[in-house]
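Chemist: Handing over final_24.txt, compact mmCIF, C-alpha atoms.
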# COMPACT_ATOMS: atom_id res chain seq x y z
CA MET A 175 18.98 0.98 -8.93
CA ASP A 176 19.40 -1.42 -11.82
CA SER A 177 16.18 -3.14 -12.83
CA LEU A 178 15.18 -6.73 -12.28
CA VAL A 179 13.54 -8.92 -14.90
CA ILE A 180 11.28 -11.82 -13.91
CA ALA A 181 9.50 -13.78 -16.61
CA GLY A 182 10.06 -10.96 -19.08
CA ARG A 183 8.61 -8.33 -16.76
CA THR A 184 10.96 -5.46 -15.87
CA LEU A 185 10.78 -4.24 -12.28
CA ARG A 186 12.46 -1.11 -10.98
CA SER A 187 11.91 -1.94 -7.33
CA ARG A 188 13.62 -4.91 -5.75
CA LEU A 189 11.39 -4.83 -2.71
CA PHE A 190 8.18 -6.87 -2.81
CA VAL A 191 5.61 -6.34 -0.08
CA GLY A 192 2.78 -8.33 1.44
CA THR A 193 -0.59 -7.02 2.58
CA GLY A 194 -1.33 -9.22 5.61
CA LYS A 195 -1.75 -8.27 9.26
CA PHE A 196 -1.75 -4.47 8.90
CA PRO A 197 -3.73 -2.73 11.64
CA ASN A 198 -5.92 -0.86 9.13
CA PRO A 199 -6.22 -0.24 5.38
CA ARG A 200 -4.70 3.22 5.61
CA ALA A 201 -1.53 1.93 7.28
CA MET A 202 -1.25 -0.75 4.63
CA ALA A 203 -1.74 1.63 1.72
CA GLY A 204 0.78 4.07 3.21
CA ALA A 205 3.36 1.34 3.67
CA ILE A 206 2.96 0.01 0.14
CA GLU A 207 3.29 3.51 -1.28
CA ALA A 208 6.37 4.28 0.83
CA SER A 209 8.01 0.97 -0.04
CA GLY A 210 8.04 1.82 -3.74
CA ALA A 211 7.16 -1.83 -4.38
CA GLU A 212 5.72 -2.89 -7.70
CA VAL A 213 5.01 -6.48 -6.68
CA VAL A 214 2.34 -6.88 -4.01
CA THR A 215 1.14 -10.17 -2.55
CA VAL A 216 -2.40 -11.06 -1.50
CA ALA A 217 -4.10 -14.20 -0.22
CA LEU A 218 -7.33 -15.89 -1.29
CA ARG A 219 -10.02 -16.80 1.24
CA ARG A 220 -13.69 -17.61 1.47
CA VAL A 221 -15.82 -14.48 1.46
CA ASP A 222 -16.84 -13.77 5.03
CA LEU A 223 -20.62 -13.67 4.71
CA HIS A 224 -20.83 -11.48 7.79
CA ASP A 225 -18.43 -8.91 6.32
CA PRO A 226 -18.81 -9.32 2.55
CA GLU A 227 -17.21 -6.00 1.61
CA ASP A 228 -13.80 -6.55 3.30
CA SER A 229 -12.33 -3.10 3.53
CA MET A 230 -8.69 -4.20 3.85
CA LEU A 231 -7.78 -4.41 0.17
CA SER A 232 -10.16 -1.68 -0.96
CA HIS A 233 -7.37 0.88 -0.61
CA ILE A 234 -5.15 -0.84 -3.17
CA ASP A 235 -5.42 -0.05 -6.84
CA PHE A 236 -4.85 -3.53 -8.27
CA ASP A 237 -4.05 -2.07 -11.68
CA ARG A 238 -1.07 -0.13 -10.36
CA TYR A 239 0.84 -3.16 -9.14
CA LEU A 240 1.94 -6.55 -10.28
CA MET A 241 -0.38 -8.51 -8.03
CA LEU A 242 1.03 -11.77 -6.72
CA PRO A 243 -1.63 -13.99 -5.13
CA ASN A 244 -0.23 -16.62 -2.79
CA THR A 245 -1.50 -20.12 -2.14
CA SER A 246 -1.29 -19.76 1.63
CA GLY A 247 -3.39 -22.26 3.48
CA ALA A 248 -2.50 -25.02 1.02
CA ARG A 249 -1.30 -28.18 2.74
CA ASP A 250 -0.45 -30.14 -0.39
CA ALA A 251 0.04 -29.73 -4.13
CA GLU A 252 -3.59 -30.34 -4.93
CA GLU A 253 -4.81 -27.57 -2.63
CA ALA A 254 -2.17 -25.20 -3.97
CA VAL A 255 -3.27 -25.79 -7.56
CA ARG A 256 -6.91 -25.31 -6.53
CA ILE A 257 -6.16 -21.99 -4.81
CA ALA A 258 -3.99 -20.73 -7.67
CA THR A 259 -6.68 -21.64 -10.19
CA LEU A 260 -9.35 -19.79 -8.19
CA ALA A 261 -7.07 -16.76 -7.82
CA ARG A 262 -6.53 -16.62 -11.57
CA ALA A 263 -10.26 -17.00 -12.20
CA ALA A 264 -10.97 -14.16 -9.75
CA SER A 265 -8.49 -11.76 -11.28
CA GLY A 266 -6.98 -12.84 -14.56
CA TRP A 267 -3.51 -12.53 -12.99
CA ASP A 268 -1.33 -15.49 -13.76
CA TRP A 269 1.57 -14.94 -11.40
CA VAL A 270 1.43 -17.01 -8.26
CA LYS A 271 3.50 -17.18 -5.11
CA LEU A 272 3.37 -20.90 -4.50
CA GLU A 273 3.22 -21.68 -0.81
CA VAL A 274 2.63 -25.16 0.63
CA THR A 275 2.96 -25.09 4.39
CA PRO A 276 1.35 -28.11 6.05
CA GLU A 277 3.15 -27.72 9.37
CA PRO A 278 1.45 -25.18 11.67
CA HIS A 279 4.25 -24.23 14.10
CA TYR A 280 7.01 -23.02 11.79
CA LEU A 281 5.00 -22.86 8.55
CA LEU A 282 7.93 -24.42 6.76
CA PRO A 283 7.30 -25.17 3.10
CA ASP A 284 6.86 -28.82 2.07
CA PRO A 285 9.54 -29.37 -0.60
CA ILE A 286 7.97 -32.40 -2.26
CA GLU A 287 4.47 -30.98 -2.54
CA THR A 288 5.86 -27.57 -3.60
CA LEU A 289 7.84 -29.15 -6.42
CA GLU A 290 4.83 -31.18 -7.57
CA ALA A 291 2.55 -28.12 -7.46
CA ALA A 292 5.15 -26.04 -9.33
CA ARG A 293 5.33 -28.63 -12.09
CA ARG A 294 1.54 -28.63 -12.48
CA LEU A 295 1.11 -24.85 -12.28
CA VAL A 296 3.80 -24.21 -14.91
CA LYS A 297 1.97 -26.63 -17.22
CA LEU A 298 -1.25 -24.69 -16.57
CA GLY A 299 0.46 -21.52 -17.78
CA PHE A 300 1.16 -19.82 -14.45
CA THR A 301 4.25 -17.75 -13.72
CA VAL A 302 5.36 -19.56 -10.59
CA LEU A 303 7.44 -18.08 -7.77
CA PRO A 304 7.77 -20.77 -5.10
CA TYR A 305 8.33 -20.12 -1.42
CA MET A 306 10.92 -22.69 -0.37
CA ASN A 307 13.38 -23.64 2.29
CA ALA A 308 16.90 -22.45 1.56
CA ASP A 309 17.95 -25.68 -0.16
CA PRO A 310 20.14 -25.21 -3.24
CA ILE A 311 19.24 -28.60 -4.72
CA LEU A 312 15.53 -27.89 -4.38
CA ALA A 313 16.09 -24.49 -5.98
CA ARG A 314 17.64 -26.26 -8.95
CA HIS A 315 14.70 -28.67 -9.23
CA LEU A 316 12.20 -25.80 -9.07
CA GLU A 317 14.13 -23.97 -11.74
CA ASP A 318 14.18 -27.11 -13.90
CA VAL A 319 10.38 -27.46 -13.82
CA GLY A 320 10.05 -23.89 -15.07
CA CYS A 321 9.68 -21.60 -12.06
CA ALA A 322 10.27 -17.95 -12.93
CA ALA A 323 12.15 -17.25 -9.69
CA VAL A 324 12.81 -18.96 -6.37
CA MET A 325 11.86 -17.54 -2.99
CA PRO A 326 13.99 -19.08 -0.25
CA LEU A 327 13.31 -18.17 3.36
CA GLY A 328 15.66 -16.29 5.64
CA ALA A 329 13.81 -17.55 8.71
CA PRO A 330 10.28 -18.86 9.30
CA ILE A 331 7.38 -16.60 8.23
CA GLY A 332 6.71 -13.70 10.55
CA THR A 333 9.62 -14.40 12.90
CA SER A 334 11.71 -11.29 12.05
CA ARG A 335 14.86 -13.29 12.85
CA GLY A 336 16.90 -12.35 9.79
CA LEU A 337 19.10 -14.52 7.59
CA LYS A 338 19.35 -17.70 9.63
CA THR A 339 19.90 -19.54 6.34
CA ARG A 340 22.73 -17.31 5.16
CA GLU A 341 25.18 -20.01 4.05
CA GLN A 342 22.58 -21.92 2.08
CA LEU A 343 21.21 -18.71 0.58
CA SER A 344 24.60 -17.77 -0.77
CA ILE A 345 24.91 -21.15 -2.49
CA ILE A 346 21.45 -20.72 -4.03
CA ILE A 347 22.40 -17.24 -5.25
CA GLU A 348 25.71 -18.52 -6.64
CA GLN A 349 24.06 -21.34 -8.58
CA ALA A 350 20.63 -20.02 -9.59
CA ASN A 351 19.79 -19.18 -13.19
CA VAL A 352 16.53 -17.50 -12.18
CA PRO A 353 16.09 -14.52 -9.83
CA VAL A 354 16.36 -15.25 -6.11
CA VAL A 355 13.85 -13.41 -3.92
CA VAL A 356 14.55 -13.77 -0.22
CA ASP A 357 11.19 -14.19 1.44
CA ALA A 358 10.19 -14.54 5.07
CA GLY A 359 11.95 -13.78 8.31
CA LEU A 360 13.27 -10.34 7.39
CA GLY A 361 12.66 -8.22 10.47
CA MET A 362 14.85 -5.18 9.94
CA PRO A 363 16.16 -3.22 6.96
CA SER A 364 19.64 -4.52 7.81
CA HIS A 365 18.39 -8.07 7.16
CA ALA A 366 17.18 -7.01 3.72
CA ALA A 367 20.45 -5.19 3.08
CA GLU A 368 22.38 -8.30 4.09
CA ALA A 369 20.39 -10.44 1.65
CA MET A 370 21.03 -7.98 -1.15
CA GLU A 371 24.74 -7.75 -0.26
CA LEU A 372 24.88 -11.52 -0.67
CA GLY A 373 23.59 -11.03 -4.21
CA ALA A 374 19.88 -11.75 -3.80
CA ASP A 375 17.84 -10.22 -6.61
CA ALA A 376 15.00 -8.99 -4.39
CA CYS A 377 13.40 -9.28 -0.97
CA LEU A 378 9.80 -9.76 0.13
CA VAL A 379 8.65 -8.32 3.43
CA ASN A 380 5.29 -8.18 5.13
CA THR A 381 5.19 -8.77 8.89
CA ALA A 382 8.02 -6.37 9.71
CA LEU A 383 6.05 -3.56 8.09
CA ALA A 384 2.63 -4.61 9.35
CA ILE A 385 3.60 -4.84 13.02
CA ALA A 386 5.82 -1.75 13.17
CA ASP A 387 4.51 1.21 15.15
CA ASP A 388 4.84 3.23 11.96
CA PRO A 389 4.47 0.89 8.96
CA GLN A 390 5.04 3.69 6.45
CA GLU A 391 8.38 4.71 7.96
CA MET A 392 9.45 1.07 8.24
CA ALA A 393 8.57 0.54 4.57
CA ARG A 394 10.74 3.50 3.62
CA ALA A 395 13.57 2.08 5.74
CA PHE A 396 13.27 -1.32 4.05
CA ALA A 397 13.36 0.30 0.62
CA MET A 398 16.60 2.01 1.64
CA GLY A 399 18.00 -1.23 3.07
CA VAL A 400 17.31 -3.08 -0.17
CA GLU A 401 18.82 -0.29 -2.24
CA ALA A 402 21.90 -0.01 -0.03
CA GLY A 403 22.50 -3.75 -0.20
CA ARG A 404 22.03 -3.87 -3.94
CA ARG A 405 24.37 -0.95 -4.53
CA ALA A 406 26.99 -2.52 -2.25
CA TRP A 407 26.77 -5.80 -4.10
CA ARG A 408 27.19 -4.03 -7.43
CA ALA A 409 30.08 -2.01 -6.06
CA GLY A 410 31.93 -5.22 -5.17
CA ALA A 411 33.20 -5.47 -1.60
CA GLY A 412 36.96 -5.76 -1.06
CA GLY A 413 36.70 -8.67 1.35
CA GLU A 414 37.53 -9.25 4.99
CA SER A 415 40.91 -9.62 6.67
CA ARG A 416 41.75 -10.97 10.12
CA LEU A 417 44.66 -8.55 10.56
CA ALA A 418 44.31 -4.78 10.56
CA ARG A 419 44.91 -3.02 7.27
CA ALA A 420 45.95 0.57 7.89
CA SER A 421 43.89 3.10 6.08
CA SER A 422 46.35 5.94 6.77
CA PRO A 423 49.91 5.99 5.40
CA LEU A 424 52.47 4.14 7.57
CA SER A 425 55.36 6.39 6.43
CA GLY A 426 56.15 9.96 7.42
CA LEU A 427 55.17 9.48 11.05
CA LEU A 428 56.32 12.31 13.40
CA ASP A 429 58.54 10.26 15.71
CA GLN A 430 60.60 8.76 12.88
CA GLY A 431 64.05 10.33 13.16
CA MET B 182 -24.81 -24.41 0.97
CA VAL B 183 -22.72 -21.26 0.59
CA ASN B 184 -19.26 -21.14 2.20
CA GLY B 185 -20.38 -23.77 4.66
CA ASP B 186 -23.65 -22.08 5.66
CA GLU B 187 -27.10 -23.06 4.51
CA HIS B 188 -29.05 -20.47 2.49
CA THR B 189 -32.55 -20.58 1.06
CA LEU B 190 -33.30 -18.82 -2.20
CA PRO B 191 -36.39 -18.67 -4.39
CA LEU B 192 -36.50 -21.58 -6.84
CA GLY B 193 -34.76 -20.69 -10.09
CA SER B 194 -32.41 -18.07 -8.58
CA ASP B 195 -29.11 -17.60 -10.36
CA LEU B 196 -25.62 -16.84 -9.01
CA ALA B 197 -26.10 -13.11 -9.55
CA ALA B 198 -29.17 -13.21 -7.29
CA LEU B 199 -27.20 -15.12 -4.66
CA LEU B 200 -24.46 -12.47 -4.67
CA ARG B 201 -27.07 -9.72 -4.34
CA VAL B 202 -28.76 -11.44 -1.42
CA LEU B 203 -25.41 -11.93 0.32
CA ASP B 204 -24.30 -8.37 -0.49
CA ILE B 205 -21.12 -9.57 -2.22
CA PRO B 206 -19.75 -7.21 -4.89
CA PRO B 207 -19.13 -9.34 -8.01
CA ARG B 208 -15.62 -7.94 -8.62
CA HIS B 209 -12.47 -10.04 -8.07
CA ILE B 210 -14.25 -13.09 -6.80
CA ALA B 211 -14.18 -16.69 -7.94
CA ILE B 212 -16.90 -19.27 -7.50
CA GLU B 213 -16.72 -23.00 -7.05
CA LEU B 214 -19.91 -24.87 -7.77
CA ASN B 215 -20.05 -28.38 -6.31
CA SER B 216 -16.25 -28.44 -5.93
CA ALA B 217 -15.49 -27.38 -9.51
CA LEU B 218 -14.43 -23.93 -10.68
CA HIS B 219 -17.42 -22.17 -12.20
CA GLU B 220 -16.21 -20.68 -15.45
CA GLY B 221 -19.58 -19.63 -16.83
CA GLY B 222 -21.51 -16.45 -16.17
CA LEU B 223 -23.45 -15.31 -13.12
CA GLU B 224 -26.72 -16.10 -14.88
CA HIS B 225 -26.13 -19.76 -14.09
CA ARG B 226 -29.25 -21.06 -12.36
CA LEU B 227 -28.77 -22.76 -9.00
CA GLU B 228 -30.30 -26.12 -8.14
CA PRO B 229 -31.51 -27.18 -4.68
CA GLY B 230 -28.63 -28.78 -2.77
CA ASP B 231 -25.86 -27.01 -4.72
CA HIS B 232 -22.66 -26.35 -2.82
CA VAL B 233 -21.25 -22.92 -3.59
CA GLU B 234 -17.86 -21.58 -2.49
CA ILE B 235 -17.20 -17.88 -3.06
CA VAL B 236 -13.65 -16.66 -2.58
CA ARG B 237 -11.95 -13.31 -2.89
CA PHE B 238 -8.63 -11.65 -2.10
CA VAL B 239 -7.63 -10.64 1.38
CA GLY B 240 -4.42 -9.27 2.83
CA GLY B 241 -1.61 -11.82 2.80
CA GLY B 242 2.14 -12.16 2.52
Can you dump the structure from the file as structure tokens?

Modeler:
Amino acid sequence: MDSLVIAGRTLRSRLFVGTGKFPNPRAMAGAIEASGAEVVTVALRRVDLHDPEDSMLSHIDFDRYLMLPNTSGARDAEEAVRIATLARAASGWDWVKLEVTPEPHYLLPDPIETLEAARRLVKLGFTVLPYMNADPILARHLEDVGCAAVMPLGAPIGTSRGLKTREQLSIIIEQANVPVVVDAGLGMPSHAAEAMELGADACLVNTALAIADDPQEMARAFAMGVEAGRRAWRAGAGGESRLARASSPLSGLLDQG
Amino acid sequence: MVNGDEHTLPLGSDLAALLRVLDIPPRHIAIELNSALHEGGLEHRLEPGDHVEIVRFVGGG
């Protein structure tokens, strides 16, 4: 596959993966390995004083991946900046997946607070990849304040419903001057392939891997879906037609006198 | 107060001692002291009544 460049960083894999909700650390590590992903997301939380070691992430070699902390849990710009700042202090990593989701049922991103947080985080020197609704105008605004990529949703987080925002996504892809990473709602490899066929630059998946019976096999399938979609997009599809277009010659048929 | 729970330490304890008492490995964590990011070292001495928040990475999407 051709490589992807975000903020000067060259990535060979166009599949990003999350680390939430896996049944155990081994399943998570196996899935990440099988996905071939180079970008891996994590969240930041209070240390649980009753379980201070937290085994979940202990199976990931942070140095092997481009770690992308998210600001999940943030309900406004101020909280997002606070979380991002803590994440950078904890790790030295300055990439952040900006996520501002004040609404608990659909976890839809707040566009106004996201834009404000993006503006502030860029000024603080972060490489900002904002999770956003599939709104082309918002994508433009986020690009204008200096975001390194945009991450529009296919469907709400964890719903596995696929590209419900397909029309809007294709406008974002058509107009964006930064990479477009389709994030959230991808439930099957075909959803990821569809996003890539539309011309998305990458996909991020977490829940679909974490809740599969075999996360490792699902990760492999997603990697293939992303690659298939990307190759198809590069190959250039010949377009649809309402009427049949014969693929076999229409001359030389046997019953023609 | 540490992460919302009250803890009692010997007078003059520093952040490193707090982490030891709580059994928190000091790698990939960040500390907020009285609502501000603590950018100094772990030898910072705690005062009675300090509010400490200790965060670290967990699985997330």

Chemist: Here is a test: counting all atoms listed in the file, which residue of A:Thr184, A:Thr215, A:Thr339, A:Gln349 is nearest to Gly241 of chain B?

Modeler: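 Ranked by minimum distance to Gly241 of chain B, first place goes to A:Thr215.
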
Chemist: Just checking: using all atoms listed in the file, which residue out of B:Ala197, B:Val183, B:Leu190, B:Val233 ends up closest to Leu218 of chain B?

Modeler: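 Under the stated criterion, the closest residue is B:Val233.
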
Chemist: Here is a test: counting all atoms listed in the file, which residue of B:Ile212, B:Leu223, B:Met182, B:Ala217 is nearest to Ala198 of chain B?

Modeler: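 Nearest to Ala198 of chain B: B:Leu223.
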
Chemist: Of the candidates A:Val221, A:Ala205, A:Ile331, A:Val179, which shows the shortest atom-to-atom distance to chain B, using only C-alpha atoms?

Modeler: A:Val221

Chemist: Sorted by chain and rising residue number, which residues of chain B lie within 6 Å of chain A, and what are their closest atom pairs and distances in Å to one decimal, counting only C-alpha atoms, as a tab-separated table?

Modeler:
residue	atom	partner	partner_atom	distance
B:Ile205	CA	A:Pro226	CA	5.3
B:His209	CA	A:Ala264	CA	4.7
B:Ile210	CA	A:Ala264	CA	4.5
B:Ala211	CA	A:Ala264	CA	4.5
B:Ile235	CA	A:Arg220	CA	5.7
B:Val236	CA	A:Arg220	CA	4.2
B:Arg237	CA	A:Leu218	CA	5.5
B:Phe238	CA	A:Leu218	CA	4.5
B:Val239	CA	A:Ala217	CA	5.3
B:Gly240	CA	A:Gly194	CA	4.2
B:Gly241	CA	A:Gly194	CA	3.8
B:Gly242	CA	A:Gly192	CA	4.0

Chemist: So that I can see what lies close to segment 345-347 of chain A, please list as a ChimeraX atom specification the residues with an atom at most 12 Å from it, counting all atoms listed in the file and leaving out residues fewer than 5 positions away in the same chain.

Modeler: /A:306-317,323-327,339-340,352-356,369-376

Chemist: Excluding Ala393 of chain A and residues on its chain fewer than 6 positions from it, collect all residues at most 6 Å away from it, counting all atoms listed in the file, and give them as number ranges by chain.

Modeler: A: 205, 208-209, 383

Chemist: Counting only C-alpha atoms, find residues at most 12 Å from (-28.9, -19.3, 2.9) (file frame) and give them as a ChimeraX atom specification.

Modeler: /A:223 /B:182-191,198-200,202-203,229-233

Chemist: Residues of the last selection are to be written out with C-alpha atoms, as a PDB file, in the coordinates of the input.

Modeler:
ATOM      1  CA  LEU A 223     -20.620 -13.670   4.710  1.00  0.00           C
TER       2      LEU A 223
ATOM      3  CA  MET B 182     -24.810 -24.410   0.970  1.00  0.00           C
ATOM      4  CA  VAL B 183     -22.720 -21.260   0.590  1.00  0.00           C
ATOM      5  CA  ASN B 184     -19.260 -21.140   2.200  1.00  0.00           C
ATOM      6  CA  GLY B 185     -20.380 -23.770   4.660  1.00  0.00           C
ATOM      7  CA  ASP B 186     -23.650 -22.080   5.660  1.00  0.00           C
ATOM      8  CA  GLU B 187     -27.100 -23.060   4.510  1.00  0.00           C
ATOM      9  CA  HIS B 188     -29.050 -20.470   2.490  1.00  0.00           C
ATOM     10  CA  THR B 189     -32.550 -20.580   1.060  1.00  0.00           C
ATOM     11  CA  LEU B 190     -33.300 -18.820  -2.200  1.00  0.00           C
ATOM     12  CA  PRO B 191     -36.390 -18.670  -4.390  1.00  0.00           C
ATOM     13  CA  ALA B 198     -29.170 -13.210  -7.290  1.00  0.00           C
ATOM     14  CA  LEU B 199     -27.200 -15.120  -4.660  1.00  0.00           C
ATOM     15  CA  LEU B 200     -24.460 -12.470  -4.670  1.00  0.00           C
ATOM     16  CA  VAL B 202     -28.760 -11.440  -1.420  1.00  0.00           C
ATOM     17  CA  LEU B 203     -25.410 -11.930   0.320  1.00  0.00           C
ATOM     18  CA  PRO B 229     -31.510 -27.180  -4.680  1.00  0.00           C
ATOM     19  CA  GLY B 230     -28.630 -28.780  -2.770  1.00  0.00           C
ATOM     20  CA  ASP B 231     -25.860 -27.010  -4.720  1.00  0.00           C
ATOM     21  CA  HIS B 232     -22.660 -26.350  -2.820  1.00  0.00           C
ATOM     22  CA  VAL B 233     -21.250 -22.920  -3.590  1.00  0.00           C
TER      23      VAL B 233
END

Chemist: Find the residue from A:Leu189, A:His233, A:Ala367, A:Gly210 that sits nearest to Ala406 of chain A; use only C-alpha atoms when measuring.

Modeler: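 Selected residue with least distance to Ala406 of chain A: A:Ala367.
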
Chemist: I'd like the neighbourhood of Gly222 of chain B as number ranges by chain, where a residue qualifies if any of its atoms comes within 9 Å (using all atoms listed in the file), though same-chain residues fewer than 3 positions away should be ignored.

Modeler: B: 196-197, 219, 225

Chemist: Distance atom CA of Lys297 of chain A-atom CA of Ile180 of chain A, one decimal place?

Modeler: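 Going from atom CA of Lys297 of chain A over to atom CA of Ile180 of chain A covers 17.8 Å.
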
Chemist: What does the structure give for the distance between atom CA of Val319 of chain A and atom CA of Pro276 of chain A, in Å to one decimal?

Modeler: 21.8 Å

Chemist: For atom CA of Leu240 of chain A and atom CA of Arg405 of chain A, quote the distance in Å rounded to one decimal.

Modeler: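 Rounded to one decimal, the two atoms are 23.8 Å apart.
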
Chemist: Considering only C-alpha atoms, can you say which of A:Thr275, A:Thr301, A:Gln342, A:Ser415 comes closest to Ala181 of chain A?

Modeler: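 The answer is A:Thr301, which sits nearest to Ala181 of chain A.
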